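start_17.txt, holding compact mmCIF, C-alpha atoms and all ligand atoms:
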# COMPACT_ATOMS: atom_id res chain seq x y z
CA MET J 188 4.05 -14.44 -12.11
CA LYS J 189 0.69 -13.01 -11.06
CA ALA J 190 0.56 -11.82 -7.47
CA PHE J 191 -2.40 -10.79 -5.36
CA VAL J 192 -1.40 -8.52 -2.47
CA THR J 193 -3.92 -7.71 0.26
CA GLY J 194 -3.11 -4.60 2.28
CA ALA J 195 -1.26 -3.26 -0.76
CA ALA J 196 -1.70 0.40 0.23
CA GLY J 197 -0.21 -0.25 3.67
CA PHE J 198 3.33 0.25 4.83
CA ILE J 199 4.79 -3.21 4.10
CA GLY J 200 2.26 -4.13 1.37
CA SER J 201 3.18 -1.09 -0.73
CA HIS J 202 6.93 -1.78 -0.52
CA LEU J 203 6.24 -5.41 -1.44
CA THR J 204 4.09 -4.29 -4.40
CA ASP J 205 6.88 -2.00 -5.67
CA ALA J 206 9.41 -4.84 -5.39
CA LEU J 207 7.16 -7.35 -7.19
CA LEU J 208 6.56 -4.90 -10.04
CA ALA J 209 10.28 -4.14 -10.28
CA ALA J 210 10.94 -7.88 -10.55
CA GLY J 211 8.61 -8.11 -13.58
CA HIS J 212 5.53 -9.55 -11.91
CA THR J 213 1.89 -8.54 -12.41
CA VAL J 214 0.16 -7.36 -9.24
CA THR J 215 -3.43 -6.89 -8.11
CA GLY J 216 -3.61 -4.96 -4.83
CA LEU J 217 -6.63 -4.91 -2.53
CA ASP J 218 -6.98 -2.47 0.36
CA ASP J 219 -9.85 -0.77 2.19
CA LEU J 220 -7.60 2.24 2.97
CA SER J 221 -8.44 2.05 6.69
CA THR J 222 -4.83 2.56 7.77
CA GLY J 223 -3.22 2.42 4.32
CA ARG J 224 -2.86 5.36 1.95
CA LEU J 225 -3.15 5.65 -1.82
CA GLU J 226 -0.11 7.90 -1.64
CA ASN J 227 1.95 4.79 -0.74
CA LEU J 228 1.07 3.44 -4.17
CA SER J 229 2.03 6.55 -6.10
CA ARG J 230 4.88 4.71 -7.81
CA ALA J 231 2.95 1.45 -8.40
CA GLY J 232 -0.20 3.29 -9.48
CA GLU J 233 1.43 4.40 -12.73
CA HIS J 234 2.59 0.89 -13.59
CA PRO J 235 0.86 -0.99 -16.46
CA ARG J 236 1.21 -4.31 -14.62
CA PHE J 237 -0.55 -3.03 -11.49
CA ARG J 238 -4.23 -2.70 -10.74
CA PHE J 239 -5.65 -1.41 -7.48
CA ARG J 240 -8.97 -2.49 -5.99
CA GLN J 241 -10.45 -0.61 -3.08
CA GLY J 242 -12.43 -3.01 -0.93
CA THR J 243 -12.36 -5.19 2.12
CA VAL J 244 -11.06 -8.70 2.64
CA LEU J 245 -14.34 -9.29 4.48
CA ASP J 246 -16.08 -9.21 1.07
CA ARG J 247 -15.66 -12.81 0.02
CA ALA J 248 -16.85 -12.32 -3.57
CA ARG J 249 -14.46 -9.40 -4.00
CA VAL J 250 -11.52 -11.45 -2.68
CA GLU J 251 -12.43 -14.39 -4.95
CA GLU J 252 -12.61 -12.09 -7.97
CA ASP J 253 -9.35 -10.27 -7.23
CA ALA J 254 -7.45 -13.48 -6.47
CA HIS J 255 -8.59 -15.10 -9.71
CA GLY J 256 -5.62 -16.37 -11.71
CA ALA J 257 -3.06 -15.48 -9.03
CA ASP J 258 0.03 -17.67 -8.68
CA VAL J 259 0.96 -16.20 -5.31
CA VAL J 260 -1.17 -14.51 -2.67
CA PHE J 261 0.53 -12.23 -0.13
CA HIS J 262 -1.89 -11.60 2.74
CA PHE J 263 -0.90 -8.34 4.46
CA ALA J 264 -4.30 -6.74 5.07
CA ALA J 265 -5.00 -6.61 8.79
CA ALA J 266 -6.13 -4.34 11.55
CA VAL J 267 -2.75 -3.29 12.98
CA GLY J 268 -1.50 -0.96 15.72
CA ALA J 269 -2.10 -0.83 19.47
CA PHE J 270 -4.60 2.04 19.22
CA VAL J 271 -6.59 0.40 16.41
CA ILE J 272 -6.88 -2.85 18.36
CA ARG J 273 -7.87 -0.98 21.55
CA ASP J 274 -10.45 1.31 19.92
CA ARG J 275 -11.87 -1.01 17.25
CA THR J 276 -11.47 -4.42 18.85
CA LEU J 277 -14.54 -6.01 17.29
CA GLU J 278 -13.89 -4.81 13.74
CA SER J 279 -10.24 -5.76 14.12
CA LEU J 280 -11.10 -9.28 15.18
CA ARG J 281 -13.47 -9.68 12.24
CA THR J 282 -10.87 -8.48 9.73
CA ASN J 283 -8.07 -10.52 11.23
CA VAL J 284 -10.11 -13.72 11.51
CA HIS J 285 -12.87 -13.75 8.87
CA GLY J 286 -10.93 -11.63 6.38
CA THR J 287 -8.01 -14.06 6.56
CA GLU J 288 -10.37 -17.02 6.14
CA ASN J 289 -11.60 -15.49 2.85
CA VAL J 290 -8.07 -14.91 1.58
CA VAL J 291 -6.84 -18.40 2.53
CA GLU J 292 -9.83 -20.02 0.82
CA ALA J 293 -9.29 -17.90 -2.32
CA ALA J 294 -5.61 -18.91 -2.46
CA TYR J 295 -6.62 -22.56 -2.11
CA ARG J 296 -9.29 -22.35 -4.85
CA ASN J 297 -6.80 -20.75 -7.23
CA ASN J 298 -4.14 -23.30 -6.45
CA ALA J 299 -1.93 -20.33 -5.54
CA THR J 300 0.92 -20.23 -3.05
CA LEU J 301 0.06 -18.21 0.06
CA LEU J 302 2.28 -16.07 2.28
CA LEU J 303 0.53 -15.09 5.51
CA ALA J 304 1.88 -12.05 7.37
CA SER J 305 1.87 -13.04 11.02
CA THR J 306 3.57 -11.36 13.92
CA SER J 307 6.02 -11.62 16.82
CA GLU J 308 3.02 -10.74 19.02
CA ILE J 309 2.28 -14.46 18.76
CA TYR J 310 4.97 -15.02 21.43
CA GLY J 311 3.20 -12.67 23.83
CA LYS J 312 5.06 -12.23 27.10
CA ASN J 313 7.75 -14.82 26.36
CA THR J 314 10.93 -12.77 26.93
CA LEU J 315 13.51 -15.34 25.78
CA ALA J 316 16.33 -13.54 23.99
CA GLY J 317 16.24 -15.27 20.62
CA LEU J 318 12.69 -16.51 20.14
CA ARG J 319 12.51 -19.53 17.87
CA GLU J 320 9.51 -20.53 15.81
CA ASP J 321 8.57 -23.47 18.06
CA ASP J 322 8.83 -21.49 21.32
CA ASP J 323 5.81 -21.23 23.59
CA ARG J 324 3.28 -18.46 23.54
CA VAL J 325 2.76 -16.68 26.87
CA LEU J 326 -0.40 -14.61 26.66
CA GLY J 327 -2.47 -12.60 29.07
CA SER J 328 -6.21 -12.90 29.51
CA PRO J 329 -8.33 -13.03 26.34
CA LEU J 330 -10.51 -10.40 28.01
CA LYS J 331 -7.70 -7.87 27.65
CA SER J 332 -8.23 -6.44 24.17
CA ARG J 333 -4.47 -6.02 23.81
CA TRP J 334 -4.10 -9.78 23.31
CA SER J 335 -6.90 -10.09 20.76
CA TYR J 336 -4.50 -9.20 17.93
CA ALA J 337 -2.15 -12.05 18.89
CA GLU J 338 -5.10 -14.40 19.30
CA ALA J 339 -6.52 -13.60 15.88
CA LYS J 340 -3.12 -14.01 14.22
CA ALA J 341 -2.61 -17.32 16.03
CA LEU J 342 -5.96 -18.52 14.72
CA ASP J 343 -4.86 -17.42 11.22
CA GLU J 344 -1.70 -19.50 11.61
CA SER J 345 -3.68 -22.55 12.72
CA LEU J 346 -6.07 -22.11 9.80
CA VAL J 347 -3.20 -21.93 7.29
CA ASP J 348 -1.54 -24.93 8.92
CA ALA J 349 -4.76 -26.94 8.60
CA TYR J 350 -5.17 -25.99 4.92
CA CYS J 351 -1.57 -27.10 4.32
CA ARG J 352 -1.94 -30.43 6.06
CA GLN J 353 -5.50 -31.36 5.06
CA ARG J 354 -5.88 -29.74 1.66
CA GLY J 355 -2.34 -29.51 0.33
CA LEU J 356 -2.19 -25.68 0.24
CA ALA J 357 1.36 -24.43 -0.38
CA ALA J 358 1.77 -21.72 2.24
CA VAL J 359 4.37 -20.07 4.43
CA ILE J 360 3.66 -18.11 7.59
CA VAL J 361 6.01 -15.20 8.22
CA ARG J 362 6.25 -13.87 11.77
CA LEU J 363 7.36 -10.29 11.38
CA PHE J 364 9.09 -8.60 14.30
CA ASN J 365 9.04 -4.78 14.45
CA THR J 366 9.41 -3.69 10.85
CA VAL J 367 10.04 -0.03 10.10
CA GLY J 368 10.95 2.38 7.34
CA PRO J 369 9.52 5.09 5.13
CA ARG J 370 5.69 5.16 4.70
CA GLN J 371 5.04 3.76 8.18
CA THR J 372 2.76 6.05 10.14
CA GLY J 373 3.06 6.74 13.86
CA ARG J 374 -0.64 7.43 14.13
CA TYR J 375 -1.71 4.01 15.35
CA GLY J 376 1.03 3.37 17.91
CA MET J 377 4.20 2.58 15.92
CA VAL J 378 7.06 3.98 17.94
CA ILE J 379 9.82 5.07 15.51
CA PRO J 380 7.70 7.29 13.21
CA ARG J 381 6.01 8.74 16.31
CA PHE J 382 9.31 9.61 18.01
CA VAL J 383 10.76 11.03 14.79
CA ARG J 384 7.75 13.25 14.16
CA GLN J 385 7.80 14.47 17.77
CA ALA J 386 11.52 15.22 17.51
CA LEU J 387 11.17 17.07 14.21
CA THR J 388 8.26 19.20 15.41
CA GLY J 389 9.90 20.03 18.75
CA GLU J 390 7.29 18.18 20.82
CA PRO J 391 8.37 16.00 23.75
CA LEU J 392 9.06 12.37 22.83
CA THR J 393 6.63 10.30 24.85
CA VAL J 394 7.97 6.97 26.06
CA PHE J 395 5.14 4.68 27.16
CA GLY J 396 5.98 2.73 30.32
CA THR J 397 9.43 2.74 31.92
CA GLY J 398 11.41 2.74 28.68
CA THR J 399 13.36 -0.34 29.74
CA GLN J 400 11.47 -2.60 27.35
CA ILE J 401 13.77 -4.03 24.66
CA ARG J 402 12.88 -4.24 20.97
CA CYS J 403 14.63 -4.93 17.66
CA PHE J 404 13.78 -2.92 14.55
CA CYS J 405 14.25 -4.23 11.03
CA HIS J 406 14.20 -2.09 7.89
CA VAL J 407 11.44 -2.93 5.42
CA ALA J 408 14.05 -3.04 2.63
CA ASP J 409 15.68 -6.02 4.36
CA VAL J 410 12.34 -7.76 4.90
CA VAL J 411 10.74 -7.45 1.45
CA PRO J 412 13.27 -9.53 -0.59
CA ALA J 413 13.01 -12.26 2.04
CA LEU J 414 9.20 -12.26 1.71
CA ILE J 415 9.42 -12.78 -2.04
CA ALA J 416 12.10 -15.46 -1.65
CA LEU J 417 10.10 -17.33 1.01
CA ALA J 418 7.00 -17.38 -1.22
CA HIS J 419 9.12 -19.22 -3.79
CA GLU J 420 10.88 -21.60 -1.42
CA PRO J 421 9.03 -24.95 -1.18
CA ARG J 422 11.12 -25.93 1.88
CA ALA J 423 9.35 -23.10 3.74
CA PHE J 424 5.85 -24.33 2.95
CA GLY J 425 3.95 -25.59 5.97
CA SER J 426 6.23 -23.64 8.35
CA ALA J 427 6.30 -20.40 10.31
CA VAL J 428 9.44 -18.30 9.80
CA ASN J 429 10.65 -15.39 11.94
CA LEU J 430 11.86 -12.24 10.17
CA GLY J 431 13.43 -9.40 12.11
CA SER J 432 16.56 -7.74 13.33
CA THR J 433 18.50 -8.90 16.37
CA GLU J 434 19.98 -5.47 17.20
CA GLN J 435 18.50 -4.77 20.62
CA VAL J 436 17.60 -1.34 21.97
CA THR J 437 15.62 -0.12 24.95
CA ILE J 438 12.82 2.29 24.10
CA SER J 439 14.40 4.95 26.27
CA ASP J 440 17.72 4.61 24.41
CA LEU J 441 15.78 4.70 21.14
CA ALA J 442 14.21 8.05 22.14
CA ASP J 443 17.67 9.48 22.91
CA ARG J 444 19.04 8.25 19.60
CA VAL J 445 16.15 9.81 17.68
CA VAL J 446 16.74 13.13 19.46
CA ALA J 447 20.46 12.98 18.63
CA ALA J 448 19.95 11.91 14.98
CA THR J 449 17.46 14.70 14.30
CA ARG J 450 19.43 17.28 16.35
CA SER J 451 16.17 18.00 18.12
CA ARG J 452 15.70 20.07 21.26
CA SER J 453 12.75 17.95 22.33
CA GLU J 454 12.81 16.46 25.79
CA VAL J 455 11.91 12.84 26.53
CA ARG J 456 8.87 12.30 28.76
CA TYR J 457 7.58 9.13 30.33
CA LEU J 458 3.89 8.24 30.29
CA PRO J 459 2.61 5.29 32.35
CA TYR J 460 1.01 2.56 30.24
CA GLU J 461 -2.30 3.26 31.91
CA GLN J 462 -2.34 6.80 30.62
CA ALA J 463 -1.16 5.81 27.16
CA TYR J 464 -3.40 2.81 26.55
CA GLY J 465 -5.97 2.74 29.35
CA PRO J 466 -6.25 0.46 32.37
CA GLY J 467 -4.95 -3.11 32.39
CA TYR J 468 -2.47 -2.78 29.52
CA GLU J 469 0.23 -5.45 29.52
CA ASP J 470 3.49 -5.40 27.60
CA MET J 471 6.52 -7.63 27.19
CA LEU J 472 9.92 -6.57 28.49
CA ARG J 473 11.94 -7.99 25.65
CA ARG J 474 11.26 -9.20 22.15
CA VAL J 475 14.21 -10.53 20.18
CA PRO J 476 13.99 -13.05 17.33
CA ASP J 477 16.15 -15.97 16.35
CA CYS J 478 16.21 -15.83 12.54
CA THR J 479 18.34 -18.92 11.91
CA LEU J 480 15.53 -20.58 9.96
CA ALA J 481 15.06 -17.60 7.60
CA LYS J 482 18.82 -17.49 7.05
CA GLU J 483 18.93 -21.20 6.24
CA LEU J 484 15.94 -21.04 3.90
CA VAL J 485 16.59 -17.82 1.96
CA GLY J 486 19.83 -16.35 3.31
CA PHE J 487 17.98 -13.65 5.26
CA GLU J 488 20.07 -11.08 7.12
CA ALA J 489 19.05 -7.71 8.51
CA HIS J 490 21.74 -5.41 7.09
CA THR J 491 20.36 -1.99 7.97
CA THR J 492 21.50 -0.67 11.35
CA LEU J 493 19.18 1.13 13.75
CA ASP J 494 20.96 4.44 13.11
CA GLU J 495 20.45 4.02 9.36
CA ILE J 496 16.79 3.19 9.99
CA ILE J 497 16.27 6.32 12.09
CA ASP J 498 17.94 8.42 9.37
CA SER J 499 15.76 7.00 6.59
CA VAL J 500 12.55 7.53 8.57
CA ALA J 501 13.64 11.05 9.59
CA GLU J 502 14.41 11.97 5.99
CA GLU J 503 10.91 10.98 4.85
CA ILE J 504 9.06 12.55 7.78
CA ALA J 505 11.06 15.79 7.46
CA ARG J 506 9.80 16.00 3.87
CA ARG J 507 6.20 15.56 5.04
CA VAL J 508 6.55 18.06 7.88
CA ARG J 509 7.81 20.64 5.36
CA GLN J 510 4.80 19.98 3.08
CA PRO J 511 1.70 21.08 4.99
CA THR J 512 -0.61 19.93 2.17
CA VAL J 513 0.25 16.31 2.97
CA PRO J 514 -2.04 14.99 5.71
CA ARG J 515 -0.25 14.50 9.07
CA ARG J 516 0.25 10.83 9.83
N1 LIG A 1 4.96 -3.34 10.71
C1 LIG A 1 5.22 -4.26 11.61
O1 LIG A 1 6.10 -4.07 12.46
C2 LIG A 1 4.51 -5.59 11.61
C3 LIG A 1 4.90 -6.52 12.58
C4 LIG A 1 4.25 -7.72 12.63
C5 LIG A 1 3.29 -8.04 11.68
N2 LIG A 1 2.92 -7.13 10.74
C6 LIG A 1 1.87 -7.53 9.79
O2 LIG A 1 2.17 -7.06 8.48
C7 LIG A 1 0.98 -6.71 7.81
C8 LIG A 1 1.09 -5.29 7.28
O3 LIG A 1 1.28 -4.38 8.37
P1 LIG A 1 1.79 -2.89 8.18
O4 LIG A 1 2.76 -2.62 9.22
O5 LIG A 1 2.15 -2.67 6.75
O6 LIG A 1 0.48 -2.09 8.57
P2 LIG A 1 -0.49 -1.18 7.67
O7 LIG A 1 -1.59 -0.74 8.58
O8 LIG A 1 0.28 -0.14 6.99
O9 LIG A 1 -1.03 -2.24 6.61
C9 LIG A 1 -2.24 -2.94 6.74
C10 LIG A 1 -3.07 -2.64 5.51
O10 LIG A 1 -4.27 -3.44 5.54
C11 LIG A 1 -5.35 -2.61 5.14
N3 LIG A 1 -6.57 -3.18 5.69
C12 LIG A 1 -6.97 -3.19 7.00
N4 LIG A 1 -8.16 -3.81 7.11
C13 LIG A 1 -8.52 -4.20 5.85
C14 LIG A 1 -9.64 -4.88 5.31
N5 LIG A 1 -10.65 -5.30 6.08
N6 LIG A 1 -9.67 -5.12 3.97
C15 LIG A 1 -8.66 -4.70 3.15
N7 LIG A 1 -7.58 -4.03 3.62
C16 LIG A 1 -7.51 -3.80 4.94
C17 LIG A 1 -5.02 -1.23 5.69
O11 LIG A 1 -5.72 -0.17 5.06
C18 LIG A 1 -3.51 -1.17 5.46
O12 LIG A 1 -3.22 -0.64 4.19
C19 LIG A 1 -0.16 -6.94 8.79
O13 LIG A 1 -0.75 -8.18 8.54
C20 LIG A 1 0.53 -6.94 10.14
O14 LIG A 1 -0.16 -7.74 11.07
C21 LIG A 1 3.51 -5.91 10.69
For the structure just supplied, provide its representation as structure tokens.
Amino acid sequence: MKAFVTGAAGFIGSHLTDALLAAGHTVTGLDDLSTGRLENLSRAGEHPRFRFRQGTVLDRARVEEDAHGADVVFHFAAAVGAFVIRDRTLESLRTNVHGTENVVEAAYRNNATLLLASTSEIYGKNTLAGLREDDDRVLGSPLKSRWSYAEAKALDESLVDAYCRQRGLAAVIVRLFNTVGPRQTGRYGMVIPRFVRQALTGEPLTVFGTGTQIRCFCHVADVVPALIALAHEPRAFGSAVNLGSTEQVTISDLADRVVAATRSRSEVRYLPYEQAYGPGYEDMLRRVPDCTLAKELVGFEAHTTLDEIIDSVAEEIARRVRQPTVPRR
């Protein structure tokens, strides 16, 4: 099978690329390296069935050329991370709306199957414990840049849905809940790599907000096989499917567990949202998925526990901290 992976140098895209190559597929990866790193592709880069293209999904001709002959398109390129969305709102919207439009059209023209990486942010402030795919979205004002990511991804979902219904595109939308593991950077607002780096370097762990907000973290190694299986499961086409862990943790408990796992002497400090993100920031108190559909379709289960996740991230970041030649991320 020939796969085209956008965002291939990113955290999830690079793990997906490695898994596709290991399964015998041929992969073309496109990435503009805005938040991704070539280093993530160090294993794939040596592979004879892999070719990397540096470029943007906003370049329609480039996307058309790179998608040519693909059987499956995995669309993972996106502007991601709270700080990226806050600081580069306009560019992020363009990438997440127009870039996706280019990729969806290219998949359609090539008669390829498409997997769109969407997000649990779609549900916004809906705090139901066990969010199902048809649950309502509860969003704040569109004038708060924080919601523009969810809005763009929702538009992407509607676009894919319309291509499925009107043009017969075979596509599945995957709503990823917090996904973590090695190669994820804490630079753009992702909490576990940020906490782990702070703990390992003896800095205070900074909890944004009260720390009572509840999240579930899923290891990328549990997510990637489900992504590949969903792209090959016709019963999933035309649907959105949640993927995530259901092991709940408050952010304050998470900070304590990172300190304990790394045997750090760092203290935990609390920073009001306003200071962390600027005025008017809104968050959701709880975000927990119901993954019954993913289990039914492809037998998905999140096996890796939160403690195992923290250990695997700490192991990788400890290696980076010890190697000063590697850029800090
Ligand atoms: N990690 C998570 O918890 C999570 C949760 C929900 C959804 N997602 C989705 O999964 C996908 C991958 O996220 P990630 O966590 O691996 O983040 P990431 O930042 O590591 O990956 C995104 C990749 O897209 C690339 N990119 C950005 N703009 C681009 C452009 N215009 N053209 C080409 N490449 C571009 C970046 O350089 C990066 O390599 C995204 O679509 C994201 O919305 C991730």
*Show me which residues sit within 8 Å of ligand LIG 1 (chain A) when counting all atoms listed in the file, and put them as an MDAnalysis selection string.*
chainID J and resid 193:201 217:224 241:245 262:268 279 282:283 286 303:308 340 362:367 370:372 377
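Of the residues listed (J:Phe404, J:Phe382, J:Phe270, J:Tyr350), J:Tyr350 shows the shortest atom-to-atom separation from Val291 of chain J; distances use all atoms listed in the file.
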*For the atom pair atom CA of Ile497 of chain J and atom CA of Ile379 of chain J, what is the interatomic distance in Å to one decimal place?*
7.4 Å
*In the coordinates of the file, take the point (2.8, -21.3, 2.8) and a cut-off of 9 Å; then, counting only C-alpha atoms, name each qualifying protein, DNA or RNA residue as a ChimeraX atom specification.*
/J:300-303,347-348,351,356-361,417-418,421,423-427
Next, write the just-selected residues to a file, as a PDB file, keeping the file's coordinate frame, keeping C-alpha atoms as the atom set.
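And here is the file that came out, out.pdb:
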ATOM      1  CA  THR J 300       0.920 -20.230  -3.050  1.00  0.00           C
ATOM      2  CA  LEU J 301       0.060 -18.210   0.060  1.00  0.00           C
ATOM      3  CA  LEU J 302       2.280 -16.070   2.280  1.00  0.00           C
ATOM      4  CA  LEU J 303       0.530 -15.090   5.510  1.00  0.00           C
ATOM      5  CA  VAL J 347      -3.200 -21.930   7.290  1.00  0.00           C
ATOM      6  CA  ASP J 348      -1.540 -24.930   8.920  1.00  0.00           C
ATOM      7  CA  CYS J 351      -1.570 -27.100   4.320  1.00  0.00           C
ATOM      8  CA  LEU J 356      -2.190 -25.680   0.240  1.00  0.00           C
ATOM      9  CA  ALA J 357       1.360 -24.430  -0.380  1.00  0.00           C
ATOM     10  CA  ALA J 358       1.770 -21.720   2.240  1.00  0.00           C
ATOM     11  CA  VAL J 359       4.370 -20.070   4.430  1.00  0.00           C
ATOM     12  CA  ILE J 360       3.660 -18.110   7.590  1.00  0.00           C
ATOM     13  CA  VAL J 361       6.010 -15.200   8.220  1.00  0.00           C
ATOM     14  CA  LEU J 417      10.100 -17.330   1.010  1.00  0.00           C
ATOM     15  CA  ALA J 418       7.000 -17.380  -1.220  1.00  0.00           C
ATOM     16  CA  PRO J 421       9.030 -24.950  -1.180  1.00  0.00           C
ATOM     17  CA  ALA J 423       9.350 -23.100   3.740  1.00  0.00           C
ATOM     18  CA  PHE J 424       5.850 -24.330   2.950  1.00  0.00           C
ATOM     19  CA  GLY J 425       3.950 -25.590   5.970  1.00  0.00           C
ATOM     20  CA  SER J 426       6.230 -23.640   8.350  1.00  0.00           C
ATOM     21  CA  ALA J 427       6.300 -20.400  10.310  1.00  0.00           C
TER      22      ALA J 427
END
_My list of candidates is J:Ser439, J:Pro412, J:Gly376, J:Gly431. Which is closest to Gly398 of chain J when distances are computed with all atoms listed in the file?_
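Nearest candidate to Gly398 of chain J out of J:Ser439, J:Pro412, J:Gly376, J:Gly431: J:Ser439.
In terms of minimum interatomic distance to Arg444 of chain J, J:Ala501 ranks closest within J:Ala501, J:Glu278, J:Asn289, J:Lys312, counting all atoms listed in the file.
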*asked:* Applying 10 Å and all atoms listed in the file, which residues near Lys189 of chain J remain after dropping the ones on its own chain fewer than 3 positions away? List them as a count of residues only.
replied: 16
*Give me, please, the distance in Å between atom CA of Ala190 of chain J and atom CA of Thr287 of chain J, quoted to one decimal.*
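Computed distance, atom CA of Ala190 of chain J to atom CA of Thr287 of chain J, equals 16.6 Å.
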*asked:* Neighbouring residues of Val475 of chain J were defined as those with any atom within 6 Å, considering all atoms listed in the file; residues of the same chain fewer than 2 positions away were excluded. Please report them as a list in words.
replied: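 Skipping anything fewer than 2 positions along the chain leaves Ala316, Gly317 and Thr433 of chain J.
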*Hey, which of J:Ala448, J:Leu208, J:Val325, J:Ala269 ends up closest to Gly373 of chain J? Count all atoms listed in the file.*
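Once distances to Gly373 of chain J are computed over all atoms listed in the file, the minimum belongs to J:Ala269.
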_Please report the interatomic distance between atom CA of Arg319 of chain J and atom CA of Arg473 of chain J in Å with one decimal._
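So the answer is 13.9 Å.
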*Find the residues near segment 486-489 of chain J: any atom within 8 Å, counting all atoms listed in the file, skip ones fewer than 4 places away on the same chain, and give them as a ChimeraX atom specification.*
/J:405-406,409-410,413,430-433,478,481-482
Box dimensions and centre (Å, one decimal) enclosing segment 338-352 of chain J, axis-aligned, 3 Å extra per side, as lines of an AutoDock Vina configuration file:
center_x = -4.0
center_y = -22.0
center_z = 11.8
size_x = 11.0
size_y = 22.8
size_z = 21.0
Residues at most 10 Å from Ala210 of chain J, counting all atoms listed in the file, excluding those fewer than 5 positions away in the same chain, as a PDB file with C-alpha atoms, keeping the file's coordinate frame?
ATOM      1  CA  MET J 188       4.050 -14.440 -12.110  1.00  0.00           C
ATOM      2  CA  THR J 204       4.090  -4.290  -4.400  1.00  0.00           C
ATOM      3  CA  ASP J 205       6.880  -2.000  -5.670  1.00  0.00           C
ATOM      4  CA  ILE J 415       9.420 -12.780  -2.040  1.00  0.00           C
TER       5      ILE J 415
END
